[in-house]
Amino acid sequence: MAEGAWAVAPPAEDTVAGLLHRLIATSGSLVEAAAGSVSLVDDSRDQYAKLAERGTSCQLGGSFPLDEGVTGQVVARRRPVVLATYGEVRTGHLAAGEAAHSGAVVAVPIWWRGDVVGANVVFACRPRRFTVAEVDELELLTQAAVPDIVRAGVDDPSLTHLLRRRGEDGGVLGSRLSPAAPAGSVGPGRHSPLTRREQETLTLLARGMSNRQMAATLVLSPKTVEKHVAALLHKTGTGSRTAAVMIALDRGWLPRPGGRPTAE
């Protein structure tokens, strides 16, 4: 549902700014939130830069230390952060009078090659509780958008330094993507270790299907599907279905779906 929403959304301008604004808008629709912002990390300076926002004023364009704001919490914890109000942030960047300041907030990491390279922050602008399912969907949506953002960013000189990671090659993140392969596809240099059945299971897993629904679709027993799911968790080195899908997207093992079947 989440990554499918990204894939079937109306085309946006093929720039980092256009893609980030599309991510914010789609995220807001997904969890019924009124505002959002996206930041990317600059490891070389131990800072992050706020590159896009919608429905609020988060000091767009500014750079901040990695121990500030909700983004700082996401980077430090390497996992989603959910707060009852933005006022819980000790060093936040929203004015106290803003609606986003007093409402609930959820922020999920933007992952690439095993690093947290940014955060997608969503503001409810009202009191509410974000459910575990909503946070999972937001993570999937965000990760599905990452390949497109990286591809666009490596061609933007003003953002190249934000899309580098510390590694042996010191190269730009996007340089590792095969230019001939669609984002999220399995292409040259991105061989999947999954069996055919595991690949089919992964594709259905990404669509939010339960084991019983996957069993019916694949004409397998629920026990067999459980084994395939367990194999996926092992091969991705994860402990949850959502994390397995995110890792598979990151590694190019999961072709991006054009849509989703209707779940019963």
# chains A, B, ... in the order shown; residues from 1 in each chain; ligands from 1
>>> select_by_dssp(residues="range 60-166 of chain A", states="helix (DSSP H, G or I)", output="NGL selection string")
:A and (69-77 or 86-88 or 99-102 or 132-153 or 160-163)
>>> residues_around(residues="Phe123 in chain A", least_positions_apart="3", cutoff="6 Å", atoms="only C-alpha atoms", output="PyMOL selection string")
chain A and resi 33+35-36+100+105
>>> residues_around(residues="range 69-83 of chain A", least_positions_apart="6", cutoff="6 Å", atoms="only C-alpha atoms", output="count of residues only")
8
>>> residues_around(residues="range 243-253 of chain A", least_positions_apart="5", cutoff="9 Å", atoms="only C-alpha atoms", output="number ranges by chain")
A: 111-114, 136, 139-140, 143-144, 146-147, 183-187, 190-194, 199, 202-203, 205-206, 232-238
>>> closest_residue(among="A:Leu66, A:Leu60, A:Leu218, A:Ala25", to="Val41 in chain A", atoms="only C-alpha atoms")
A:Leu66
>>> decode(residues="range 195-225 of chain A", atoms="C-alpha atoms", output="PDB file, in the first residue's frame")
ATOM      1  CA  THR A 195      14.378 -18.139  -4.539  1.00  0.00           C
ATOM      2  CA  ARG A 196      11.450 -17.676  -6.917  1.00  0.00           C
ATOM      3  CA  ARG A 197       8.928 -18.460  -4.175  1.00  0.00           C
ATOM      4  CA  GLU A 198      10.691 -16.140  -1.709  1.00  0.00           C
ATOM      5  CA  GLN A 199      10.624 -13.380  -4.337  1.00  0.00           C
ATOM      6  CA  GLU A 200       6.889 -13.915  -4.868  1.00  0.00           C
ATOM      7  CA  THR A 201       6.319 -13.906  -1.118  1.00  0.00           C
ATOM      8  CA  LEU A 202       8.324 -10.692  -0.730  1.00  0.00           C
ATOM      9  CA  THR A 203       6.293  -8.947  -3.421  1.00  0.00           C
ATOM     10  CA  LEU A 204       3.044  -9.847  -1.682  1.00  0.00           C
ATOM     11  CA  LEU A 205       4.510  -8.991   1.705  1.00  0.00           C
ATOM     12  CA  ALA A 206       5.255  -5.490   0.428  1.00  0.00           C
ATOM     13  CA  ARG A 207       1.598  -5.167  -0.500  1.00  0.00           C
ATOM     14  CA  GLY A 208       0.587  -5.634   3.121  1.00  0.00           C
ATOM     15  CA  MET A 209      -0.861  -9.129   2.757  1.00  0.00           C
ATOM     16  CA  SER A 210      -1.234 -11.463   5.717  1.00  0.00           C
ATOM     17  CA  ASN A 211       0.188 -14.995   5.621  1.00  0.00           C
ATOM     18  CA  ARG A 212      -3.285 -16.359   4.918  1.00  0.00           C
ATOM     19  CA  GLN A 213      -3.827 -13.940   2.017  1.00  0.00           C
ATOM     20  CA  MET A 214      -0.404 -14.781   0.561  1.00  0.00           C
ATOM     21  CA  ALA A 215      -1.133 -18.501   0.881  1.00  0.00           C
ATOM     22  CA  ALA A 216      -4.390 -18.093  -1.051  1.00  0.00           C
ATOM     23  CA  THR A 217      -2.708 -16.012  -3.747  1.00  0.00           C
ATOM     24  CA  LEU A 218       0.241 -18.383  -4.178  1.00  0.00           C
ATOM     25  CA  VAL A 219      -1.873 -21.519  -3.712  1.00  0.00           C
ATOM     26  CA  LEU A 220       0.326 -22.663  -0.832  1.00  0.00           C
ATOM     27  CA  SER A 221      -0.354 -23.684   2.728  1.00  0.00           C
ATOM     28  CA  PRO A 222      -0.009 -21.020   5.451  1.00  0.00           C
ATOM     29  CA  LYS A 223       2.771 -23.129   6.995  1.00  0.00           C
ATOM     30  CA  THR A 224       4.766 -23.001   3.752  1.00  0.00           C
ATOM     31  CA  VAL A 225       4.292 -19.244   3.544  1.00  0.00           C
TER      32      VAL A 225
END
